[in-house]
file start.cif (mmCIF, C-alpha atoms)
data_work
loop_
_atom_site.group_PDB
_atom_site.id
_atom_site.type_symbol
_atom_site.label_atom_id
_atom_site.label_comp_id
_atom_site.auth_asym_id
_atom_site.auth_seq_id
_atom_site.Cartn_x
_atom_site.Cartn_y
_atom_site.Cartn_z
ATOM 1 C CA MET A 1 86.918 77.427 89.049
ATOM 2 C CA LEU A 2 88.072 75.338 91.998
ATOM 3 C CA TYR A 3 85.856 75.119 95.082
ATOM 4 C CA GLU A 4 87.060 73.647 98.358
ATOM 5 C CA SER A 5 86.836 74.245 102.081
ATOM 6 C CA TRP A 6 89.566 76.339 103.681
ATOM 7 C CA HIS A 7 89.510 76.285 107.472
ATOM 8 C CA SER A 8 86.064 77.641 108.435
ATOM 9 C CA GLY A 9 85.296 79.089 104.986
ATOM 10 C CA GLN A 10 84.644 78.156 101.376
ATOM 11 C CA LYS A 11 87.516 78.870 98.992
ATOM 12 C CA LYS A 12 87.091 79.761 95.330
ATOM 13 C CA GLU A 13 90.236 79.745 93.210
ATOM 14 C CA PHE A 14 90.224 80.943 89.604
ATOM 15 C CA LEU A 15 91.912 83.248 87.100
ATOM 16 C CA PHE A 16 90.980 86.909 86.886
ATOM 17 C CA ASN A 17 92.631 88.766 84.003
ATOM 18 C CA GLY A 18 94.846 85.714 83.635
ATOM 19 C CA ARG A 19 96.155 85.813 87.199
ATOM 20 C CA ARG A 20 95.605 83.559 90.182
ATOM 21 C CA THR A 21 92.793 84.766 92.403
ATOM 22 C CA VAL A 22 91.511 83.350 95.680
ATOM 23 C CA ILE A 23 88.372 84.364 97.546
ATOM 24 C CA VAL A 24 87.502 82.677 100.817
ATOM 25 C CA GLU A 25 83.943 83.303 101.971
ATOM 26 C CA PRO A 26 83.238 83.128 105.703
ATOM 27 C CA GLU A 27 80.486 80.886 106.980
ATOM 28 C CA THR A 28 78.640 83.915 108.375
ATOM 29 C CA PRO A 29 79.848 87.252 106.928
ATOM 30 C CA LEU A 30 79.837 90.255 109.215
ATOM 31 C CA PRO A 31 77.532 93.158 108.333
ATOM 32 C CA GLY A 32 79.179 95.329 105.713
ATOM 33 C CA LYS A 33 81.323 92.401 104.524
ATOM 34 C CA PRO A 34 84.780 93.442 105.736
ATOM 35 C CA TRP A 35 87.736 91.731 104.100
ATOM 36 C CA LEU A 36 91.410 91.011 104.524
ATOM 37 C CA TRP A 37 93.297 91.518 101.276
ATOM 38 C CA ARG A 38 96.490 89.488 101.083
ATOM 39 C CA MET A 39 98.949 91.284 98.847
ATOM 40 C CA GLU A 40 101.239 88.249 98.590
ATOM 41 C CA PHE A 41 101.727 84.664 99.719
ATOM 42 C CA PHE A 42 98.194 83.422 100.180
ATOM 43 C CA GLY A 43 98.094 80.688 102.827
ATOM 44 C CA ALA A 44 101.530 81.398 104.330
ATOM 45 C CA PHE A 45 101.525 81.684 108.123
ATOM 46 C CA PRO A 46 97.744 82.195 108.041
ATOM 47 C CA SER A 47 96.911 82.621 111.735
ATOM 48 C CA VAL A 48 95.491 86.119 111.233
ATOM 49 C CA ASP A 49 93.583 85.082 108.096
ATOM 50 C CA ILE A 50 92.045 82.104 109.884
ATOM 51 C CA ALA A 51 90.995 84.137 112.920
ATOM 52 C CA LEU A 52 89.411 86.891 110.845
ATOM 53 C CA LEU A 53 87.691 84.370 108.580
ATOM 54 C CA LYS A 54 86.150 82.719 111.626
ATOM 55 C CA ALA A 55 85.016 86.158 112.816
ATOM 56 C CA GLY A 56 83.193 86.787 109.518
ATOM 57 C CA TYR A 57 85.790 88.409 107.259
ATOM 58 C CA TYR A 58 86.374 87.496 103.629
ATOM 59 C CA VAL A 59 89.986 86.627 102.800
ATOM 60 C CA VAL A 60 91.046 87.686 99.298
ATOM 61 C CA TYR A 61 94.142 87.339 97.134
ATOM 62 C CA HIS A 62 94.904 88.422 93.560
ATOM 63 C CA SER A 63 98.371 87.659 92.240
ATOM 64 C CA VAL A 64 100.525 90.345 90.682
ATOM 65 C CA SER A 65 103.650 88.503 91.791
ATOM 66 C CA ASN A 66 107.150 89.433 90.694
ATOM 67 C CA ARG A 67 106.262 93.087 90.137
ATOM 68 C CA TYR A 68 107.524 94.431 93.489
ATOM 69 C CA GLY A 69 104.709 96.924 93.994
ATOM 70 C CA ASP A 70 105.503 98.839 90.807
ATOM 71 C CA PRO A 71 102.925 101.208 89.243
ATOM 72 C CA TRP A 72 101.665 98.550 86.831
ATOM 73 C CA SER A 73 100.882 96.101 89.632
ATOM 74 C CA VAL A 74 99.155 98.797 91.688
ATOM 75 C CA GLY A 75 96.955 99.621 88.703
ATOM 76 C CA GLU A 76 96.062 95.968 88.199
ATOM 77 C CA LEU A 77 95.158 95.589 91.867
ATOM 78 C CA ASN A 78 92.867 98.593 91.576
ATOM 79 C CA LYS A 79 91.043 96.994 88.631
ATOM 80 C CA PHE A 80 90.632 93.855 90.700
ATOM 81 C CA GLN A 81 89.227 95.804 93.632
ATOM 82 C CA ASP A 82 86.625 97.328 91.304
ATOM 83 C CA TRP A 83 85.537 93.876 90.223
ATOM 84 C CA VAL A 84 85.606 92.029 93.549
ATOM 85 C CA GLU A 85 83.654 94.711 95.376
ATOM 86 C CA ALA A 86 80.993 94.808 92.664
ATOM 87 C CA GLU A 87 80.800 91.018 92.371
ATOM 88 C CA TYR A 88 80.696 90.195 96.089
ATOM 89 C CA GLY A 89 79.405 93.392 97.658
ATOM 90 C CA LEU A 90 82.491 93.707 99.850
ATOM 91 C CA ALA A 91 83.308 96.725 101.991
ATOM 92 C CA LYS A 92 84.861 99.668 100.165
ATOM 93 C CA LYS A 93 87.889 99.810 102.473
ATOM 94 C CA PRO A 94 89.676 96.494 103.065
ATOM 95 C CA ALA A 95 92.533 95.728 105.415
ATOM 96 C CA LEU A 96 95.670 95.407 103.268
ATOM 97 C CA TYR A 97 98.002 92.660 104.485
ATOM 98 C CA GLY A 98 101.582 93.191 103.338
ATOM 99 C CA MET A 99 103.792 90.251 104.275
ATOM 100 C CA SER A 100 107.476 90.523 103.351
ATOM 101 C CA ARG A 101 107.663 91.853 99.762
ATOM 102 C CA GLY A 102 103.899 92.266 100.022
ATOM 103 C CA GLY A 103 104.692 95.379 102.057
ATOM 104 C CA LEU A 104 105.695 97.109 98.820
ATOM 105 C CA TYR A 105 102.306 96.378 97.284
ATOM 106 C CA ALA A 106 100.316 97.308 100.390
ATOM 107 C CA VAL A 107 101.953 100.666 101.069
ATOM 108 C CA ASN A 108 102.186 101.704 97.421
ATOM 109 C CA TYR A 109 98.532 100.800 96.941
ATOM 110 C CA ALA A 110 97.498 102.835 99.980
ATOM 111 C CA LEU A 111 99.459 105.802 98.651
ATOM 112 C CA ALA A 112 97.794 105.538 95.236
ATOM 113 C CA TYR A 113 94.284 104.791 96.535
ATOM 114 C CA PRO A 114 93.922 105.996 100.137
ATOM 115 C CA GLU A 115 90.174 106.309 99.722
ATOM 116 C CA ARG A 116 90.037 102.574 99.005
ATOM 117 C CA THR A 117 92.237 101.497 101.915
ATOM 118 C CA GLY A 118 90.867 100.843 105.385
ATOM 119 C CA LEU A 119 93.971 99.678 107.231
ATOM 120 C CA LEU A 120 97.561 98.507 106.764
ATOM 121 C CA TYR A 121 98.890 95.362 108.422
ATOM 122 C CA LEU A 122 102.583 94.952 107.599
ATOM 123 C CA ASP A 123 104.452 91.786 108.568
ATOM 124 C CA ALA A 124 108.263 91.789 108.225
ATOM 125 C CA PRO A 125 107.653 94.239 105.383
ATOM 126 C CA VAL A 126 109.983 95.251 102.594
ATOM 127 C CA LEU A 127 109.834 99.054 102.556
ATOM 128 C CA ASP A 128 112.901 99.855 100.444
ATOM 129 C CA ILE A 129 113.796 97.933 97.292
ATOM 130 C CA ARG A 130 117.438 98.911 97.816
ATOM 131 C CA SER A 131 117.384 96.780 100.976
ATOM 132 C CA TRP A 132 115.529 93.819 99.495
ATOM 133 C CA PRO A 133 116.116 92.600 96.891
ATOM 134 C CA GLY A 134 118.933 95.128 96.413
ATOM 135 C CA ARG A 135 121.303 94.258 99.231
ATOM 136 C CA TYR A 136 120.235 90.671 99.839
ATOM 137 C CA GLU A 137 122.845 88.624 98.001
ATOM 138 C CA PRO A 138 120.713 85.512 97.242
ATOM 139 C CA SER A 139 118.189 87.751 95.441
ATOM 140 C CA ALA A 140 120.266 88.766 92.418
ATOM 141 C CA ARG A 141 117.581 87.545 89.992
ATOM 142 C CA GLU A 142 114.832 89.386 91.866
ATOM 143 C CA TRP A 143 116.922 92.577 91.955
ATOM 144 C CA LYS A 144 117.382 92.555 88.176
ATOM 145 C CA GLU A 145 113.671 91.865 87.739
ATOM 146 C CA CYS A 146 112.722 94.615 90.197
ATOM 147 C CA LEU A 147 114.857 97.221 88.429
ATOM 148 C CA GLU A 148 113.236 96.319 85.119
ATOM 149 C CA CYS A 149 109.742 96.656 86.594
ATOM 150 C CA TYR A 150 110.486 100.175 87.825
ATOM 151 C CA GLY A 151 112.450 101.189 84.737
ATOM 152 C CA LEU A 152 115.596 101.723 86.808
ATOM 153 C CA THR A 153 119.275 100.849 86.541
ATOM 154 C CA GLU A 154 121.966 100.210 89.156
ATOM 155 C CA GLU A 155 122.866 103.892 88.849
ATOM 156 C CA THR A 156 119.443 105.569 88.670
ATOM 157 C CA VAL A 157 118.045 103.558 91.578
ATOM 158 C CA LYS A 158 120.449 105.384 93.895
ATOM 159 C CA ASP A 159 118.436 108.581 93.395
ATOM 160 C CA PHE A 160 115.028 106.875 93.219
ATOM 161 C CA ARG A 161 112.620 108.310 95.796
ATOM 162 C CA GLY A 162 109.549 106.183 95.169
ATOM 163 C CA THR A 163 109.832 103.462 97.801
ATOM 164 C CA PRO A 164 107.509 103.266 100.837
ATOM 165 C CA LEU A 165 110.463 104.326 103.018
ATOM 166 C CA ASP A 166 111.018 107.428 100.879
ATOM 167 C CA ARG A 167 107.334 108.294 101.207
ATOM 168 C CA ALA A 168 106.848 107.572 104.912
ATOM 169 C CA GLU A 169 105.734 111.140 105.597
ATOM 170 C CA GLU A 170 103.041 110.835 102.929
ATOM 171 C CA VAL A 171 101.819 107.598 104.472
ATOM 172 C CA ALA A 172 101.523 109.331 107.841
ATOM 173 C CA GLY A 173 99.411 112.032 106.229
ATOM 174 C CA LEU A 174 96.869 109.476 104.994
ATOM 175 C CA ASN A 175 95.663 108.831 108.563
ATOM 176 C CA ILE A 176 95.201 105.132 107.809
ATOM 177 C CA PRO A 177 95.517 102.797 110.829
ATOM 178 C CA LEU A 178 98.783 100.867 110.681
ATOM 179 C CA ILE A 179 100.094 97.870 112.610
ATOM 180 C CA ALA A 180 103.432 96.182 111.945
ATOM 181 C CA VAL A 181 104.954 92.931 113.216
ATOM 182 C CA VAL A 182 108.685 92.313 112.804
ATOM 183 C CA GLY A 183 111.437 89.991 113.973
ATOM 184 C CA ASP A 184 114.213 92.043 115.492
ATOM 185 C CA VAL A 185 117.023 89.938 113.957
ATOM 186 C CA ASP A 186 115.550 89.660 110.464
ATOM 187 C CA ARG A 187 118.481 88.927 108.139
ATOM 188 C CA VAL A 188 116.456 88.977 104.906
ATOM 189 C CA VAL A 189 114.591 92.259 105.421
ATOM 190 C CA PRO A 190 116.615 94.005 108.148
ATOM 191 C CA VAL A 191 114.570 96.191 110.478
ATOM 192 C CA THR A 192 117.406 98.765 110.454
ATOM 193 C CA GLU A 193 116.870 99.268 106.714
ATOM 194 C CA ASN A 194 113.091 99.001 106.625
ATOM 195 C CA ILE A 195 110.640 99.354 109.521
ATOM 196 C CA ASP A 196 112.945 101.328 111.853
ATOM 197 C CA PRO A 197 113.754 104.224 109.512
ATOM 198 C CA PHE A 198 110.213 104.128 108.140
ATOM 199 C CA MET A 199 108.739 104.379 111.632
ATOM 200 C CA ALA A 200 111.082 107.222 112.608
ATOM 201 C CA ARG A 201 110.037 109.295 109.607
ATOM 202 C CA TYR A 202 106.378 108.279 109.921
ATOM 203 C CA LYS A 203 106.191 109.293 113.581
ATOM 204 C CA ALA A 204 108.138 112.517 113.015
ATOM 205 C CA ALA A 205 105.430 113.452 110.512
ATOM 206 C CA GLY A 206 102.744 112.909 113.153
ATOM 207 C CA GLY A 207 101.734 109.359 112.250
ATOM 208 C CA LYS A 208 100.726 106.794 114.849
ATOM 209 C CA MET A 209 101.366 103.100 114.420
ATOM 210 C CA ALA A 210 101.293 99.944 116.493
ATOM 211 C CA LEU A 211 104.520 97.928 116.347
ATOM 212 C CA ILE A 212 105.068 94.425 117.703
ATOM 213 C CA ARG A 213 108.693 93.276 117.860
ATOM 214 C CA LYS A 214 109.490 89.577 118.161
ATOM 215 C CA PRO A 215 112.735 89.124 120.130
ATOM 216 C CA HIS A 216 115.388 86.884 118.570
ATOM 217 C CA CYS A 217 113.159 86.257 115.511
ATOM 218 C CA ASP A 218 114.473 86.159 111.944
ATOM 219 C CA HIS A 219 112.336 86.770 108.837
ATOM 220 C CA HIS A 220 110.424 83.541 109.521
ATOM 221 C CA PRO A 221 108.112 82.689 111.129
ATOM 222 C CA HIS A 222 105.713 85.481 110.211
ATOM 223 C CA SER A 223 102.768 86.730 112.238
ATOM 224 C CA LEU A 224 102.269 85.583 115.844
ATOM 225 C CA GLU A 225 101.568 82.164 117.284
ATOM 226 C CA ASP A 226 98.644 83.808 119.052
ATOM 227 C CA PRO A 227 97.386 86.443 116.589
ATOM 228 C CA THR A 228 94.959 88.023 119.056
ATOM 229 C CA PRO A 229 96.735 91.422 119.314
ATOM 230 C CA ILE A 230 96.779 91.777 115.523
ATOM 231 C CA VAL A 231 93.206 90.578 115.053
ATOM 232 C CA GLU A 232 91.887 92.860 117.789
ATOM 233 C CA PHE A 233 93.667 95.870 116.241
ATOM 234 C CA ILE A 234 92.289 95.117 112.778
ATOM 235 C CA ARG A 235 88.751 94.585 114.006
ATOM 236 C CA ARG A 236 88.753 97.645 116.263
ATOM 237 C CA GLU A 237 90.160 99.990 113.647
ATOM 238 C CA LEU A 238 88.613 98.637 110.464
ATOM 239 C CA GLU A 239 85.041 97.897 111.428
ATOM 240 C CA LYS A 240 84.376 101.457 112.554
ATOM 241 C CA ARG A 241 85.461 102.645 109.092
ATOM 242 C CA ILE A 242 83.018 100.467 107.132
#

call {"tool": "encode", "arguments": {"input": "start.cif", "output": "structure tokens"}}
result
Amino acid sequence: MLYESWHSGQKKEFLFNGRRTVIVEPETPLPGKPWLWRMEFFGAFPSVDIALLKAGYYVVYHSVSNRYGDPWSVGELNKFQDWVEAEYGLAKKPALYGMSRGGLYAVNYALAYPERTGLLYLDAPVLDIRSWPGRYEPSAREWKECLECYGLTEETVKDFRGTPLDRAEEVAGLNIPLIAVVGDVDRVVPVTENIDPFMARYKAAGGKMALIRKPHCDHHPHSLEDPTPIVEFIRRELEKRI
């Protein structure tokens, strides 16, 4: 196990069930031990992580990379949640942070385990595998890998209705607080193929979500230079659910 400081917290990095796991403990945890659960890309564009850590949140990551939010990965994440909550006494409903392809994991996990999900924070999220990696030309390897994970082919994926976009109405029915941050000229995960149609269906089903659009912003950089609006939303909505 590797111990080192990470911003204002103490980071532990180790293998759980053979997969990379990171737990950053805040200097002074908040009552109830709320936590931010990174679904992918620990340490990338970490302004929200750093701010919440300083406020007393745990920051947690368990890698199920290259599975694209498929049922196997969701099941493995659930096993990890069992363990980390028992081992560290963390809150029963974390904030799920779905950055880019992490959006697949976050939304699919919330759909499978709504009672174990406190909030969704989606950042330039992939919400339809047919958009990314499907229609993003540089991602041919990822597309082949993704189809294999879901047991699909180029033909059967056309009728597949198991993506977060396909299930937007179900997500709305969960009544889980949701905030999304997107760049409006994202060329990797286009908003017209992901957050926009998702939001239209989600709102039509009665769901409410906070959306922050970044003008003239591509897929990178993620988050916000000043993460205050995101952090305030997470703290306001999550801490009353602990």

call {"tool": "atom_distance", "arguments": {"input": "start.cif", "atom1": "CA of Phe198 (chain A)", "atom2": "CA of Leu165 (chain A)"}}
result
5.1 Å

call {"tool": "residues_around", "arguments": {"input": "start.cif", "residues": "Glu87 (chain A)", "least_positions_apart": "6", "cutoff": "12 Å", "atoms": "only C-alpha atoms", "output": "ChimeraX atom specification"}}
result
/A:23,80-81

call {"tool": "closest_residue", "arguments": {"input": "start.cif", "among": "A:Ser139, A:Ser8, A:Ser100, A:Asn108", "to": "Ala55 (chain A)", "atoms": "all atoms listed in the file"}}
result
A:Ser8

call {"tool": "closest_atom_pairs", "arguments": {"input": "start.cif", "of": "region 139-206 of chain A", "to": "region 220-225 of chain A", "cutoff": "10 Å", "atoms": "all atoms listed in the file", "output": "tab-separated table"}}
result
residue	atom	partner	partner_atom	distance
A:Ala180	CA	A:Ser223	CA	9.5
A:Val181	CA	A:Ser223	CA	6.6
A:Val182	CA	A:His222	CA	7.9
A:Gly183	CA	A:His220	CA	7.9
A:Asp186	CA	A:His220	CA	8.0
A:Arg187	CA	A:His220	CA	9.8
A:Val188	CA	A:His220	CA	9.3

call {"tool": "resolve_selection", "arguments": {"input": "start.cif", "expression": "the PyMOL selection byres ((chain A and resi 144) around 12)", "output": "PyMOL selection string"}}
result
chain A and resi 66-68+129-130+132-135+137-143+145-154+157

call {"tool": "resolve_selection", "arguments": {"input": "start.cif", "expression": "the PyMOL selection byres ((chain A and resi 216) around 6)", "output": "VMD selection string"}}
result
chain A and resid 185 215 217

call {"tool": "write_last_selection", "arguments": {"input": "start.cif", "atoms": "C-alpha atoms", "output": "CSV table (one decimal), in the frame of the given file"}}
result
chain,number,residue,atom,x,y,z
A,185,VAL,CA,117.0,89.9,114.0
A,215,PRO,CA,112.7,89.1,120.1
A,217,CYS,CA,113.2,86.3,115.5

call {"tool": "residues_around", "arguments": {"input": "start.cif", "residues": "Gly56 (chain A)", "least_positions_apart": "5", "cutoff": "7 Å", "atoms": "all atoms listed in the file", "output": "list in words"}}
result
Pro26, Glu27, Thr28, Pro29 and Leu30 of chain A

call {"tool": "residues_near_point", "arguments": {"input": "start.cif", "point": "(96.7, 82.9, 112.3)", "cutoff": "9 Å", "atoms": "only C-alpha atoms", "output": "list in words"}}
result
Phe45, Pro46, Ser47, Val48, Asp49, Ile50, Ala51, Leu52, Ser223, Leu224, Glu225, Asp226, Pro227, Thr228 and Val231 of chain A

call {"tool": "write_last_selection", "arguments": {"input": "start.cif", "atoms": "C-alpha atoms", "output": "PDB file, in the coordinates of the input"}}
result
ATOM      1  CA  PHE A  45     101.525  81.684 108.123  1.00  0.00           C
ATOM      2  CA  PRO A  46      97.744  82.195 108.041  1.00  0.00           C
ATOM      3  CA  SER A  47      96.911  82.621 111.735  1.00  0.00           C
ATOM      4  CA  VAL A  48      95.491  86.119 111.233  1.00  0.00           C
ATOM      5  CA  ASP A  49      93.583  85.082 108.096  1.00  0.00           C
ATOM      6  CA  ILE A  50      92.045  82.104 109.884  1.00  0.00           C
ATOM      7  CA  ALA A  51      90.995  84.137 112.920  1.00  0.00           C
ATOM      8  CA  LEU A  52      89.411  86.891 110.845  1.00  0.00           C
ATOM      9  CA  SER A 223     102.768  86.730 112.238  1.00  0.00           C
ATOM     10  CA  LEU A 224     102.269  85.583 115.844  1.00  0.00           C
ATOM     11  CA  GLU A 225     101.568  82.164 117.284  1.00  0.00           C
ATOM     12  CA  ASP A 226      98.644  83.808 119.052  1.00  0.00           C
ATOM     13  CA  PRO A 227      97.386  86.443 116.589  1.00  0.00           C
ATOM     14  CA  THR A 228      94.959  88.023 119.056  1.00  0.00           C
ATOM     15  CA  VAL A 231      93.206  90.578 115.053  1.00  0.00           C
TER      16      VAL A 231
END

call {"tool": "atom_distance", "arguments": {"input": "start.cif", "atom1": "CA of Ile195 (chain A)", "atom2": "CA of Arg161 (chain A)"}}
result
16.5 Å

call {"tool": "resolve_selection", "arguments": {"input": "start.cif", "expression": "the PyMOL selection byres ((chain A and resi 177) around 7)", "output": "short mmCIF file (atom, residue, chain, number, x, y, z; two decimals) with C-alpha atoms, in the coordinates of the input"}}
result
data_model
loop_
_atom_site.label_atom_id
_atom_site.label_comp_id
_atom_site.auth_asym_id
_atom_site.auth_seq_id
_atom_site.Cartn_x
_atom_site.Cartn_y
_atom_site.Cartn_z
CA LEU A 119 93.97 99.68 107.23
CA LEU A 120 97.56 98.51 106.76
CA ASN A 175 95.66 108.83 108.56
CA ILE A 176 95.20 105.13 107.81
CA LEU A 178 98.78 100.87 110.68
CA ILE A 179 100.09 97.87 112.61
CA MET A 209 101.37 103.10 114.42
CA GLU A 237 90.16 99.99 113.65
#

call {"tool": "atom_distance", "arguments": {"input": "start.cif", "atom1": "CA of Pro125 (chain A)", "atom2": "CA of Arg19 (chain A)"}}
result
23.1 Å

call {"tool": "closest_residue", "arguments": {"input": "start.cif", "among": "A:Asn17, A:Trp83, A:Pro34, A:Arg167", "to": "Pro197 (chain A)", "atoms": "only C-alpha atoms"}}
result
A:Arg167

call {"tool": "closest_residue", "arguments": {"input": "start.cif", "among": "A:Leu122, A:Ala172, A:Leu36, A:Leu90", "to": "Ala106 (chain A)", "atoms": "only C-alpha atoms"}}
result
A:Leu122

call {"tool": "closest_residue", "arguments": {"input": "start.cif", "among": "A:Phe233, A:Tyr202, A:Phe41, A:Trp72", "to": "Gly103 (chain A)", "atoms": "only C-alpha atoms"}}
result
A:Phe41

call {"tool": "closest_residue", "arguments": {"input": "start.cif", "among": "A:Pro229, A:Val84, A:Leu2, A:Met99", "to": "Gly43 (chain A)", "atoms": "only C-alpha atoms"}}
result
A:Met99

call {"tool": "closest_residue", "arguments": {"input": "start.cif", "among": "A:Leu238, A:Ala204, A:Leu77, A:Val126", "to": "His62 (chain A)", "atoms": "only C-alpha atoms"}}
result
A:Leu77

call {"tool": "residues_around", "arguments": {"input": "start.cif", "residues": "Arg116 (chain A)", "least_positions_apart": "2", "cutoff": "8 Å", "atoms": "all atoms listed in the file", "output": "compact mmCIF listing (two decimals) with C-alpha atoms, in the frame of the given file"}}
result
# COMPACT_ATOMS: atom_id res chain seq x y z
CA LYS A 92 84.86 99.67 100.16
CA LYS A 93 87.89 99.81 102.47
CA PRO A 94 89.68 96.49 103.06
CA ALA A 110 97.50 102.84 99.98
CA TYR A 113 94.28 104.79 96.54
CA PRO A 114 93.92 106.00 100.14
CA GLY A 118 90.87 100.84 105.38

call {"tool": "residues_around", "arguments": {"input": "start.cif", "residues": "Glu169 (chain A)", "least_positions_apart": "4", "cutoff": "7 Å", "atoms": "all atoms listed in the file", "output": "list of chain:residue names"}}
result
A:Gly173, A:Arg201, A:Tyr202, A:Ala205

call {"tool": "write_last_selection", "arguments": {"input": "start.cif", "atoms": "C-alpha atoms", "output": "CSV table (one decimal), in the frame of the given file"}}
result
chain,number,residue,atom,x,y,z
A,173,GLY,CA,99.4,112.0,106.2
A,201,ARG,CA,110.0,109.3,109.6
A,202,TYR,CA,106.4,108.3,109.9
A,205,ALA,CA,105.4,113.5,110.5

call {"tool": "residues_around", "arguments": {"input": "start.cif", "residues": "Tyr61 (chain A)", "least_positions_apart": "3", "cutoff": "8 Å", "atoms": "only C-alpha atoms", "output": "list in words"}}
result
Thr21, Val22, Ile23, Trp37, Arg38, Met39, Glu40 and Phe42 of chain A

call {"tool": "decode", "arguments": {"input": "start.cif", "residues": "region 24-83 of chain A", "atoms": "C-alpha atoms", "output": "PDB file, in the first residue's frame"}}
result
ATOM      1  CA  VAL A  24      -7.994  10.124  -0.016  1.00  0.00           C
ATOM      2  CA  GLU A  25      -8.878  10.893   3.591  1.00  0.00           C
ATOM      3  CA  PRO A  26      -9.628  14.509   4.496  1.00  0.00           C
ATOM      4  CA  GLU A  27      -7.765  16.147   7.337  1.00  0.00           C
ATOM      5  CA  THR A  28     -11.041  16.649   9.220  1.00  0.00           C
ATOM      6  CA  PRO A  29     -13.920  14.492   7.899  1.00  0.00           C
ATOM      7  CA  LEU A  30     -17.395  15.964   7.997  1.00  0.00           C
ATOM      8  CA  PRO A  31     -19.986  14.269  10.219  1.00  0.00           C
ATOM      9  CA  GLY A  32     -21.446  11.288   8.410  1.00  0.00           C
ATOM     10  CA  LYS A  33     -18.319  10.977   6.239  1.00  0.00           C
ATOM     11  CA  PRO A  34     -19.634  12.081   2.840  1.00  0.00           C
ATOM     12  CA  TRP A  35     -17.578  11.081  -0.179  1.00  0.00           C
ATOM     13  CA  LEU A  36     -16.993  11.868  -3.817  1.00  0.00           C
ATOM     14  CA  TRP A  37     -16.687   8.703  -5.879  1.00  0.00           C
ATOM     15  CA  ARG A  38     -14.678   9.190  -9.054  1.00  0.00           C
ATOM     16  CA  MET A  39     -15.872   6.718 -11.650  1.00  0.00           C
ATOM     17  CA  GLU A  40     -12.872   7.343 -13.915  1.00  0.00           C
ATOM     18  CA  PHE A  41      -9.678   9.346 -14.301  1.00  0.00           C
ATOM     19  CA  PHE A  42      -8.581   9.905 -10.736  1.00  0.00           C
ATOM     20  CA  GLY A  43      -6.585  13.135 -10.463  1.00  0.00           C
ATOM     21  CA  ALA A  44      -7.651  14.602 -13.822  1.00  0.00           C
ATOM     22  CA  PHE A  45      -8.864  18.200 -13.619  1.00  0.00           C
ATOM     23  CA  PRO A  46      -9.332  17.790  -9.853  1.00  0.00           C
ATOM     24  CA  SER A  47     -10.655  21.214  -8.830  1.00  0.00           C
ATOM     25  CA  VAL A  48     -13.917  19.788  -7.479  1.00  0.00           C
ATOM     26  CA  ASP A  49     -12.134  16.905  -5.729  1.00  0.00           C
ATOM     27  CA  ILE A  50      -9.686  19.286  -4.064  1.00  0.00           C
ATOM     28  CA  ALA A  51     -12.404  21.665  -2.877  1.00  0.00           C
ATOM     29  CA  LEU A  52     -14.557  18.891  -1.437  1.00  0.00           C
ATOM     30  CA  LEU A  53     -11.551  17.228   0.189  1.00  0.00           C
ATOM     31  CA  LYS A  54     -10.700  20.498   1.908  1.00  0.00           C
ATOM     32  CA  ALA A  55     -14.325  20.741   3.064  1.00  0.00           C
ATOM     33  CA  GLY A  56     -14.116  17.295   4.703  1.00  0.00           C
ATOM     34  CA  TYR A  57     -15.135  14.850   1.971  1.00  0.00           C
ATOM     35  CA  TYR A  58     -13.356  11.595   1.205  1.00  0.00           C
ATOM     36  CA  VAL A  59     -12.316  11.204  -2.437  1.00  0.00           C
ATOM     37  CA  VAL A  60     -12.480   7.612  -3.694  1.00  0.00           C
ATOM     38  CA  TYR A  61     -11.616   5.772  -6.896  1.00  0.00           C
ATOM     39  CA  HIS A  62     -11.785   2.088  -7.859  1.00  0.00           C
ATOM     40  CA  SER A  63     -10.726   1.188 -11.383  1.00  0.00           C
ATOM     41  CA  VAL A  64     -12.950  -0.865 -13.647  1.00  0.00           C
ATOM     42  CA  SER A  65     -11.444   0.832 -16.688  1.00  0.00           C
ATOM     43  CA  ASN A  66     -12.082  -0.268 -20.251  1.00  0.00           C
ATOM     44  CA  ARG A  67     -15.484  -1.756 -19.437  1.00  0.00           C
ATOM     45  CA  TYR A  68     -17.617   1.224 -20.533  1.00  0.00           C
ATOM     46  CA  GLY A  69     -20.151   0.944 -17.724  1.00  0.00           C
ATOM     47  CA  ASP A  70     -21.222  -2.568 -18.709  1.00  0.00           C
ATOM     48  CA  PRO A  71     -23.126  -4.806 -16.244  1.00  0.00           C
ATOM     49  CA  TRP A  72     -19.953  -6.552 -15.084  1.00  0.00           C
ATOM     50  CA  SER A  73     -18.269  -3.281 -14.125  1.00  0.00           C
ATOM     51  CA  VAL A  74     -21.385  -2.050 -12.323  1.00  0.00           C
ATOM     52  CA  GLY A  75     -21.443  -5.262 -10.294  1.00  0.00           C
ATOM     53  CA  GLU A  76     -17.777  -4.897  -9.388  1.00  0.00           C
ATOM     54  CA  LEU A  77     -18.312  -1.304  -8.285  1.00  0.00           C
ATOM     55  CA  ASN A  78     -21.147  -2.451  -6.047  1.00  0.00           C
ATOM     56  CA  LYS A  79     -18.867  -5.006  -4.364  1.00  0.00           C
ATOM     57  CA  PHE A  80     -16.335  -2.252  -3.808  1.00  0.00           C
ATOM     58  CA  GLN A  81     -18.944   0.028  -2.271  1.00  0.00           C
ATOM     59  CA  ASP A  82     -19.841  -2.742   0.186  1.00  0.00           C
ATOM     60  CA  TRP A  83     -16.227  -2.995   1.254  1.00  0.00           C
TER      61      TRP A  83
END
